[in-house]
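**Q** Enclosed is the structure file start.cif (mmCIF, C-alpha atoms and all ligand atoms).
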data_run
#
loop_
_atom_site.label_atom_id
_atom_site.label_comp_id
_atom_site.auth_asym_id
_atom_site.auth_seq_id
_atom_site.Cartn_x
_atom_site.Cartn_y
_atom_site.Cartn_z
CA MET F 260 0.00 0.00 0.00
CA SER F 261 2.77 2.48 0.90
CA ALA F 262 4.42 1.88 -2.52
CA ILE F 263 1.14 2.81 -4.27
CA ILE F 264 0.85 5.93 -2.13
CA LEU F 265 4.43 6.95 -2.99
CA ILE F 266 3.86 6.38 -6.71
CA LEU F 267 0.66 8.46 -6.66
CA GLN F 268 2.36 11.23 -4.66
CA LEU F 269 5.21 11.34 -7.18
CA ALA F 270 2.82 11.34 -10.14
CA LEU F 271 0.92 14.25 -8.64
CA ALA F 272 4.15 16.10 -7.84
CA PHE F 273 5.22 15.61 -11.47
CA ILE F 274 1.93 17.12 -12.76
CA MET F 275 2.31 20.00 -10.31
CA LEU F 276 6.04 20.43 -10.97
CA PRO F 277 5.81 24.08 -12.13
CA PHE F 278 4.16 24.99 -8.81
CA TYR F 279 6.81 23.09 -6.81
CA ILE F 280 9.47 25.06 -8.70
CA LEU F 281 7.68 28.38 -8.03
CA ASN F 282 7.49 27.39 -4.37
CA TRP F 283 11.19 26.49 -4.26
CA LEU F 284 12.01 29.88 -5.83
CA GLY F 285 9.96 31.60 -3.08
CA ILE F 286 7.45 33.02 -5.60
CA LEU F 287 4.38 30.97 -4.60
CA ASP F 288 4.22 31.90 -0.92
CA PRO F 289 3.60 35.68 -1.26
CA ILE F 290 0.90 35.01 -3.90
CA SER F 291 -0.70 32.37 -1.70
CA LYS F 292 -0.63 34.73 1.33
CA LYS F 293 -2.58 37.31 -0.72
CA LEU F 294 -5.12 34.84 -2.16
CA PHE F 295 -5.67 32.67 0.92
CA PRO F 296 -7.96 35.18 2.71
CA TYR F 297 -10.30 35.17 -0.32
CA PHE F 298 -10.40 31.36 -0.25
CA MET F 299 -11.05 31.36 3.51
CA ASP F 300 -13.82 33.93 3.13
CA SER F 301 -15.89 31.62 0.92
CA PHE F 302 -14.81 28.44 2.74
CA THR F 303 -16.00 29.93 6.05
CA ASP F 304 -19.54 30.49 4.75
CA VAL F 305 -19.87 26.80 3.93
CA TYR F 306 -17.93 25.42 6.93
CA ASN F 307 -19.84 27.57 9.44
CA LYS F 308 -23.18 26.37 8.07
CA GLU F 309 -22.08 22.73 8.19
CA MET F 310 -20.50 23.07 11.65
CA GLU F 311 -23.02 25.47 13.19
CA ASP F 312 -24.30 22.99 15.81
CA GLN F 313 -20.77 21.92 16.79
CA LYS F 314 -19.61 25.54 17.14
CA LYS F 315 -22.70 26.56 19.14
CA ASN F 316 -22.15 23.58 21.40
CA LEU F 317 -18.41 24.22 21.83
CA PHE F 318 -18.61 27.96 22.50
CA GLY F 319 -21.95 27.93 24.36
CA LYS F 320 -20.41 28.01 27.84
CA LEU F 321 -17.39 30.26 27.23
CA SER F 322 -18.70 32.75 29.81
CA ASP F 323 -18.09 30.17 32.56
CA PHE F 324 -14.40 31.06 32.26
CA ALA F 325 -14.78 34.81 32.85
CA ALA F 326 -12.95 35.89 36.00
CA SER F 327 -15.69 36.91 38.47
CA SER F 328 -17.60 40.13 37.60
CA LYS F 329 -15.28 40.90 34.69
CA GLN F 330 -15.72 40.79 30.90
CA LEU F 331 -14.37 37.60 29.32
CA GLN F 332 -10.89 38.24 27.87
CA LEU F 333 -10.50 36.05 24.78
CA LEU F 334 -7.53 35.65 22.46
CA GLU F 335 -8.17 34.06 19.07
CA LEU F 336 -5.11 32.54 17.39
CA GLY F 337 -5.03 32.35 13.60
CA CYS F 338 -8.26 34.34 13.60
CA GLY F 339 -8.39 34.53 9.78
CA THR F 340 -11.62 36.20 8.66
CA GLY F 341 -13.20 36.14 12.14
CA ALA F 342 -15.27 33.03 11.46
CA ASN F 343 -16.00 32.41 15.16
CA PHE F 344 -17.09 35.88 16.29
CA LYS F 345 -20.81 35.22 15.94
CA PHE F 346 -20.54 32.30 18.38
CA TYR F 347 -18.91 34.32 21.19
CA PRO F 348 -21.02 35.66 24.09
CA SER F 349 -22.08 39.32 24.19
CA GLY F 350 -19.70 41.65 25.94
CA CYS F 351 -16.66 39.44 25.42
CA ARG F 352 -13.36 41.31 24.73
CA VAL F 353 -11.56 39.76 21.77
CA THR F 354 -7.89 40.10 20.85
CA CYS F 355 -7.18 38.78 17.35
CA LEU F 356 -3.86 37.30 16.27
CA ASP F 357 -2.81 36.06 12.85
CA ILE F 358 0.47 35.73 11.00
CA ASN F 359 -1.04 36.99 7.74
CA PRO F 360 -1.83 40.75 7.69
CA ASN F 361 -3.84 40.29 4.47
CA PHE F 362 -6.78 39.09 6.59
CA GLN F 363 -7.31 42.63 7.96
CA LYS F 364 -9.96 43.61 5.38
CA PHE F 365 -12.06 40.47 6.05
CA LEU F 366 -11.55 40.73 9.79
CA SER F 367 -12.80 44.34 9.83
CA LYS F 368 -15.96 43.24 7.98
CA SER F 369 -16.63 40.46 10.54
CA GLN F 370 -15.98 42.88 13.40
CA ALA F 371 -18.52 45.35 11.98
CA GLU F 372 -21.08 42.53 11.61
CA ASN F 373 -20.50 41.33 15.20
CA ASP F 374 -20.90 44.44 17.31
CA HIS F 375 -21.94 42.40 20.36
CA LEU F 376 -18.18 42.01 21.04
CA THR F 377 -15.44 44.49 21.97
CA TYR F 378 -12.24 44.22 19.92
CA ASP F 379 -8.88 44.86 21.58
CA GLY F 380 -6.81 44.88 18.41
CA PHE F 381 -5.30 42.72 15.70
CA LEU F 382 -1.78 41.44 16.40
CA VAL F 383 0.26 40.26 13.44
CA ALA F 384 2.37 37.54 15.07
CA SER F 385 2.99 33.82 15.08
CA ALA F 386 0.98 31.74 17.55
CA ASP F 387 4.15 29.98 18.68
CA ASN F 388 5.85 33.26 19.64
CA MET F 389 3.30 35.84 20.81
CA THR F 390 5.50 38.13 22.89
CA PRO F 391 3.06 41.10 22.69
CA VAL F 392 0.54 39.13 24.78
CA ALA F 393 1.21 39.40 28.52
CA ASP F 394 1.55 36.40 30.83
CA ALA F 395 -1.71 35.20 32.46
CA SER F 396 -3.73 37.94 30.72
CA MET F 397 -6.42 35.80 29.01
CA ASP F 398 -9.44 33.85 30.32
CA VAL F 399 -9.81 31.92 27.08
CA VAL F 400 -7.63 31.18 24.06
CA VAL F 401 -9.32 29.82 20.92
CA CYS F 402 -7.88 28.14 17.87
CA THR F 403 -9.88 26.61 15.04
CA LEU F 404 -8.29 25.14 11.92
CA LEU F 405 -4.91 26.59 12.89
CA ALA F 406 -2.78 23.72 14.20
CA CYS F 407 -2.82 22.12 10.73
CA SER F 408 -0.65 25.03 9.49
CA LEU F 409 1.75 25.14 12.45
CA PRO F 410 5.10 23.39 12.14
CA ASN F 411 5.54 23.43 15.93
CA THR F 412 2.27 22.84 17.82
CA PRO F 413 3.99 22.14 21.19
CA ALA F 414 5.57 25.63 21.01
CA MET F 415 2.12 27.16 20.44
CA LEU F 416 0.67 25.21 23.37
CA LYS F 417 3.50 26.45 25.61
CA GLU F 418 2.58 30.01 24.62
CA VAL F 419 -1.13 29.29 25.19
CA LYS F 420 -0.36 28.15 28.73
CA ARG F 421 1.81 31.23 29.33
CA VAL F 422 -0.91 33.75 28.31
CA LEU F 423 -3.83 31.95 30.05
CA ARG F 424 -4.59 32.87 33.65
CA PRO F 425 -4.68 29.91 36.06
CA GLY F 426 -8.11 28.30 35.56
CA GLY F 427 -8.43 29.76 32.05
CA ALA F 428 -9.30 27.53 29.09
CA PHE F 429 -7.92 26.67 25.68
CA TYR F 430 -10.68 25.91 23.14
CA PHE F 431 -9.97 24.05 19.91
CA MET F 432 -11.70 22.66 16.82
CA GLU F 433 -9.12 21.18 14.46
CA HIS F 434 -9.08 18.83 11.52
CA VAL F 435 -6.56 16.01 12.04
CA ALA F 436 -5.10 12.88 10.47
CA SER F 437 -7.47 9.98 9.96
CA THR F 438 -6.68 7.14 12.37
CA ASP F 439 -8.59 4.52 10.40
CA ALA F 440 -5.76 3.01 8.35
CA SER F 441 -8.16 1.08 6.10
CA SER F 442 -10.33 4.07 5.10
CA TRP F 443 -10.39 5.97 1.80
CA ILE F 444 -10.00 9.20 3.75
CA ASN F 445 -6.72 7.96 5.22
CA PHE F 446 -5.53 6.90 1.77
CA GLY F 447 -6.61 10.20 0.16
CA GLN F 448 -4.97 12.26 2.90
CA LYS F 449 -1.66 10.45 2.40
CA VAL F 450 -1.70 10.77 -1.40
CA LEU F 451 -2.85 14.38 -1.61
CA ASN F 452 -1.18 15.92 1.44
CA PRO F 453 2.08 17.22 -0.17
CA THR F 454 0.15 18.99 -2.96
CA TRP F 455 -2.59 20.16 -0.59
CA LYS F 456 0.06 21.81 1.61
CA LEU F 457 1.53 23.57 -1.39
CA PHE F 458 -1.76 25.27 -2.31
CA LEU F 459 -3.36 25.74 1.11
CA ASP F 460 -0.85 27.86 2.97
CA GLY F 461 1.09 24.95 4.48
CA CYS F 462 -2.04 23.24 5.87
CA SER F 463 -1.40 19.53 6.58
CA MET F 464 -4.15 16.91 6.65
CA ARG F 465 -1.92 14.53 8.60
CA LYS F 466 -1.43 16.34 11.92
CA THR F 467 -1.87 14.33 15.14
CA THR F 468 -2.65 17.47 17.16
CA TRP F 469 -4.50 15.55 19.89
CA LYS F 470 -1.19 13.96 20.96
CA ASP F 471 0.39 17.39 21.46
CA ILE F 472 -2.62 18.65 23.45
CA GLU F 473 -2.65 15.51 25.61
CA LYS F 474 1.05 15.99 26.39
CA ALA F 475 0.83 19.75 27.07
CA GLY F 476 0.16 19.36 30.80
CA PHE F 477 -3.27 21.01 31.19
CA SER F 478 -5.04 20.27 34.48
CA GLU F 479 -8.27 19.13 32.78
CA LEU F 480 -8.90 18.05 29.19
CA LYS F 481 -12.17 17.44 27.33
CA LEU F 482 -11.28 16.19 23.86
CA ARG F 483 -13.54 14.36 21.41
CA HIS F 484 -12.63 12.75 18.09
CA VAL F 485 -15.54 13.37 15.70
CA LYS F 486 -16.31 12.90 12.06
CA ALA F 487 -17.32 16.44 11.10
CA PRO F 488 -20.46 16.63 8.91
CA ILE F 489 -18.68 18.60 6.18
CA SER F 490 -18.65 18.26 2.42
CA MET F 491 -14.83 18.28 2.26
CA LYS F 492 -14.60 14.67 3.45
CA LEU F 493 -10.79 14.54 3.39
CA ILE F 494 -10.66 16.87 6.40
CA SER F 495 -13.68 15.46 8.21
CA PRO F 496 -11.67 13.78 11.03
CA HIS F 497 -11.76 16.48 13.73
CA ILE F 498 -10.88 16.97 17.37
CA ILE F 499 -13.12 19.30 19.37
CA GLY F 500 -12.91 20.38 22.98
CA TYR F 501 -11.19 22.45 25.63
CA ALA F 502 -8.37 22.20 28.12
CA VAL F 503 -8.08 24.05 31.44
CA LYS F 504 -4.77 25.51 32.67
C1 LIG W 1 -7.34 27.61 7.80
S1 LIG W 1 -7.23 29.23 8.39
C2 LIG W 1 -8.41 29.22 9.73
C3 LIG W 1 -8.90 30.59 10.09
C4 LIG W 1 -9.92 30.63 11.25
N1 LIG W 1 -9.32 30.23 12.48
C5 LIG W 1 -11.12 29.78 10.93
O1 LIG W 1 -11.46 28.88 11.72
O2 LIG W 1 -11.77 30.03 9.91
C6 LIG W 1 -5.66 29.22 9.24
C7 LIG W 1 -5.34 30.58 9.80
O3 LIG W 1 -4.17 30.48 10.61
C8 LIG W 1 -3.27 31.53 10.26
N2 LIG W 1 -1.92 31.07 10.60
C9 LIG W 1 -1.15 30.17 9.95
N3 LIG W 1 0.03 30.02 10.60
C10 LIG W 1 -0.02 30.84 11.68
C11 LIG W 1 0.87 31.12 12.75
N4 LIG W 1 2.07 30.52 12.83
N5 LIG W 1 0.50 31.99 13.69
C12 LIG W 1 -0.71 32.61 13.64
N6 LIG W 1 -1.60 32.39 12.65
C13 LIG W 1 -1.26 31.52 11.68
C14 LIG W 1 -3.50 31.73 8.77
O4 LIG W 1 -3.02 32.98 8.34
C15 LIG W 1 -5.02 31.60 8.72
O5 LIG W 1 -5.66 32.79 9.05
#
Before we go any further, please render this structure as structure tokens.

**A**
Amino acid sequence: MSAIILILQLALAFIMLPFYILNWLGILDPISKKLFPYFMDSFTDVYNKEMEDQKKNLFGKLSDFAASSKQLQLLELGCGTGANFKFYPSGCRVTCLDINPNFQKFLSKSQAENDHLTYDGFLVASADNMTPVADASMDVVVCTLLACSLPNTPAMLKEVKRVLRPGGAFYFMEHVASTDASSWINFGQKVLNPTWKLFLDGCSMRKTTWKDIEKAGFSELKLRHVKAPISMKLISPHIIGYAVK
């Protein structure tokens, strides 16, 4: 089976050779960084409809983590277009962080549409090195569909634990590698992953993010493996939940 996967990967790489060369020359990345927000804008419409129940369920009790009599301080990592804003509770203070400044235009639109929240700024930084965010300053940190693009998830989780106050929570909804070795999804992920990464801003379908979260040393962890009811079946294996510092 692994020989077939390798042959198919190589065949696909051969067809896509011009793009691999553009990538190697450093030409593809700046183009992709400009176009990716447009892709995410339309993807979000579909994904949010398909995942509405899961997002409502996940974010429904965020307010439980507000420090007493204060507004909930929430940091969203890899915020993209602001896909999660409509699911956050009224009055919540949101700090947005993303490595790609080209999301600003889409983020501003989502902020205008979601005036039940207060926005404390947009930080252009990497989630695995967020020095502008003070230690123990957040009640909640959220990341959705981010870990797939991070080369070093443990470094991000270390930063998450640094910026969360004791008792604060890390919320996640991430697509991950299929664990069912005999499934078509597993096969498709393996064959298509190198080319997928090339076109989708470094996103990997083969991340085992749950292992990193389990090892990160949170005091409490609620993590579920689910098959997300989405049309893009290749990324339907998801982990959803939260971890308390
Ligand atoms: C697939 S999009 C998901 C956006 C949004 N979280 C959502 O659920 O729709 C991944 C986002 O993570 C951002 N990103 C990728 N690497 C990052 C990093 N190292 N630090 C912060 N953000 C990053 C991308 O720019 C993009 O906005």

**Q** Choose the residue, out of F:Ser490, F:Lys364, F:Val450, F:Lys466, that has the smallest atom-to-atom separation from Ala270 of chain F; count all atoms listed in the file.

**A** F:Val450

**Q** Which polymer residues have any atom within 12 Å of an atom of Ser408 of chain F, counting only C-alpha atoms, with same-chain residues fewer than 6 positions away left out, as a PyMOL selection string?

**A** chain F and resi 336-337+357-358+385-387+402+415+433-435+455-466+468

**Q** Report as a tab-separated table the residues of chain F within 9 Å of ligand LIG 1 (chain W), each with its shortest atom pair and distance in Å (one decimal), using all atoms listed in the file, ordered by chain and increasing residue number.

**A**
residue	atom	partner	partner_atom	distance
F:Lys292	CA	W:LIG1	O4	7.6
F:Phe295	CA	W:LIG1	O4	7.9
F:Pro296	CA	W:LIG1	O5	7.2
F:Met299	CA	W:LIG1	S1	6.6
F:Asp300	CA	W:LIG1	O2	8.1
F:Phe302	CA	W:LIG1	O2	7.9
F:Thr303	CA	W:LIG1	O2	5.7
F:Tyr306	CA	W:LIG1	O2	8.3
F:Asn307	CA	W:LIG1	O2	8.4
F:Glu335	CA	W:LIG1	N1	7.7
F:Leu336	CA	W:LIG1	C12	5.8
F:Gly337	CA	W:LIG1	N6	3.6
F:Cys338	CA	W:LIG1	N1	4.4
F:Gly339	CA	W:LIG1	O5	3.3
F:Thr340	CA	W:LIG1	O2	6.3
F:Gly341	CA	W:LIG1	C4	6.5
F:Ala342	CA	W:LIG1	O2	4.9
F:Asn343	CA	W:LIG1	O1	6.7
F:Leu356	CA	W:LIG1	C12	6.2
F:Asp357	CA	W:LIG1	N6	3.9
F:Ile358	CA	W:LIG1	C12	4.3
F:Asn359	CA	W:LIG1	O4	4.5
F:Pro360	CA	W:LIG1	O4	7.9
F:Asn361	CA	W:LIG1	O4	8.3
F:Phe362	CA	W:LIG1	O5	6.9
F:Val383	CA	W:LIG1	C12	7.7
F:Ala384	CA	W:LIG1	C12	6.0
F:Ser385	CA	W:LIG1	N5	3.4
F:Ala386	CA	W:LIG1	N5	3.9
F:Asp387	CA	W:LIG1	N4	6.2
F:Asn388	CA	W:LIG1	N5	8.1
F:Met389	CA	W:LIG1	N5	8.6
F:Val401	CA	W:LIG1	N1	8.4
F:Cys402	CA	W:LIG1	N1	6.0
F:Thr403	CA	W:LIG1	O1	4.3
F:Leu404	CA	W:LIG1	C2	4.6
F:Leu405	CA	W:LIG1	C6	4.6
F:Ala406	CA	W:LIG1	O3	7.8
F:Cys407	CA	W:LIG1	C1	7.7
F:Ser408	CA	W:LIG1	N3	5.2
F:Leu409	CA	W:LIG1	N4	5.4
F:Pro410	CA	W:LIG1	N4	7.8
F:Asn411	CA	W:LIG1	N4	8.5
F:Met415	CA	W:LIG1	N4	8.3
F:Met432	CA	W:LIG1	O1	8.0
F:Glu433	CA	W:LIG1	O1	8.5
F:Leu459	CA	W:LIG1	C1	8.0
F:Asp460	CA	W:LIG1	C9	7.4
F:Gly461	CA	W:LIG1	C9	7.9
F:Cys462	CA	W:LIG1	C1	7.1

**Q** Out of F:Phe346, F:Tyr297, F:Leu269, F:Ala326, which residue has the shortest atom-to-atom distance to Phe365 of chain F when counting all atoms listed in the file?

**A**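 Using all atoms listed in the file, the shortest distance to Phe365 of chain F belongs to F:Tyr297.
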
**Q** From the options F:Lys474, F:Lys449, F:Arg421, F:Lys320, which residue's atoms come nearest to Ile263 of chain F, counting all atoms listed in the file?

**A**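 With all atoms listed in the file as the atom set, the closest residue is F:Lys449.
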
**Q** Here is a test: counting all atoms listed in the file, which residue of F:Lys315, F:Arg483, F:Lys417, F:Lys293 is nearest to Asp471 of chain F?

**A**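 Selected residue with least distance to Asp471 of chain F: F:Lys417.
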
**Q** Excluding Gln448 of chain F and residues on its chain fewer than 3 positions from it, collect all residues at most 7 Å away from it, counting all atoms listed in the file, and give them as a PyMOL selection string.

**A** chain F and resi 444-445+451-452+464-465+493

**Q** Keeping only C-alpha atoms, take the residues you just selected and write them out as a PDB file, keeping the file's coordinate frame.

**A**
ATOM      1  CA  ILE F 444     -10.000   9.200   3.750  1.00  0.00           C
ATOM      2  CA  ASN F 445      -6.720   7.960   5.220  1.00  0.00           C
ATOM      3  CA  LEU F 451      -2.850  14.380  -1.610  1.00  0.00           C
ATOM      4  CA  ASN F 452      -1.180  15.920   1.440  1.00  0.00           C
ATOM      5  CA  MET F 464      -4.150  16.910   6.650  1.00  0.00           C
ATOM      6  CA  ARG F 465      -1.920  14.530   8.600  1.00  0.00           C
ATOM      7  CA  LEU F 493     -10.790  14.540   3.390  1.00  0.00           C
TER       8      LEU F 493
END

**Q** Would you mind reading off the distance between atom CA of Glu473 of chain F and atom CA of Ser261 of chain F, one decimal, in Å?

**A**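 Here the two named atoms are 28.5 Å from each other.
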
**Q** So what do you get for atom CA of Pro453 of chain F versus atom CA of Val485 of chain F, distance-wise?

**A**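 According to the coordinates, atom CA of Pro453 of chain F and atom CA of Val485 of chain F are separated by 24.0 Å.
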
**Q** Using all atoms listed in the file, which residue out of F:Leu382, F:Leu284, F:Met310, F:Leu333 lies closest to Val353 of chain F?

**A** F:Leu333

**Q** Select, from F:Tyr430, F:Lys504, F:Lys368, F:Ser322, the residue with the minimum atom-to-atom distance to Leu482 of chain F, counting all atoms listed in the file.

**A**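 The shortest atom-to-atom distance to Leu482 of chain F comes from F:Tyr430.
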
**Q** Just the residues within 12 Å of Asp323 of chain F, please, counting only C-alpha atoms, with nothing from its chain fewer than 4 positions along; format it as a VMD selection string.

**A** chain F and resid 318 to 319 327 to 332 348 351 398 to 399 426 to 428 503

**Q** At what distance in Å, to one decimal, does atom CA of Phe431 of chain F lie from atom CA of Leu317 of chain F?

**A** 8.7 Å

**Q** How would you write as a list in words the residues that get within 10 Å of (-4.4, 45.2, 24.3) in the file's frame, counting only C-alpha atoms?

**A**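 Output of the proximity query reads Arg352, Val353, Thr354, Cys355, Tyr378, Asp379, Gly380, Phe381, Leu382, Pro391, Val392, Ala393 and Ser396 of chain F.
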
**Q** Please identify all polymer residues within 7 Å of Gly350 of chain F, counting only C-alpha atoms, omitting same-chain residues fewer than 6 positions from it, and present them as a list in words.

**A**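 Those residues are Gln330, His375, Leu376 and Thr377 of chain F.
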
**Q** Could you save the residues just selected, with C-alpha atoms, as a PDB file, in the frame of the given file?

**A**
ATOM      1  CA  GLN F 330     -15.720  40.790  30.900  1.00  0.00           C
ATOM      2  CA  HIS F 375     -21.940  42.400  20.360  1.00  0.00           C
ATOM      3  CA  LEU F 376     -18.180  42.010  21.040  1.00  0.00           C
ATOM      4  CA  THR F 377     -15.440  44.490  21.970  1.00  0.00           C
TER       5      THR F 377
END
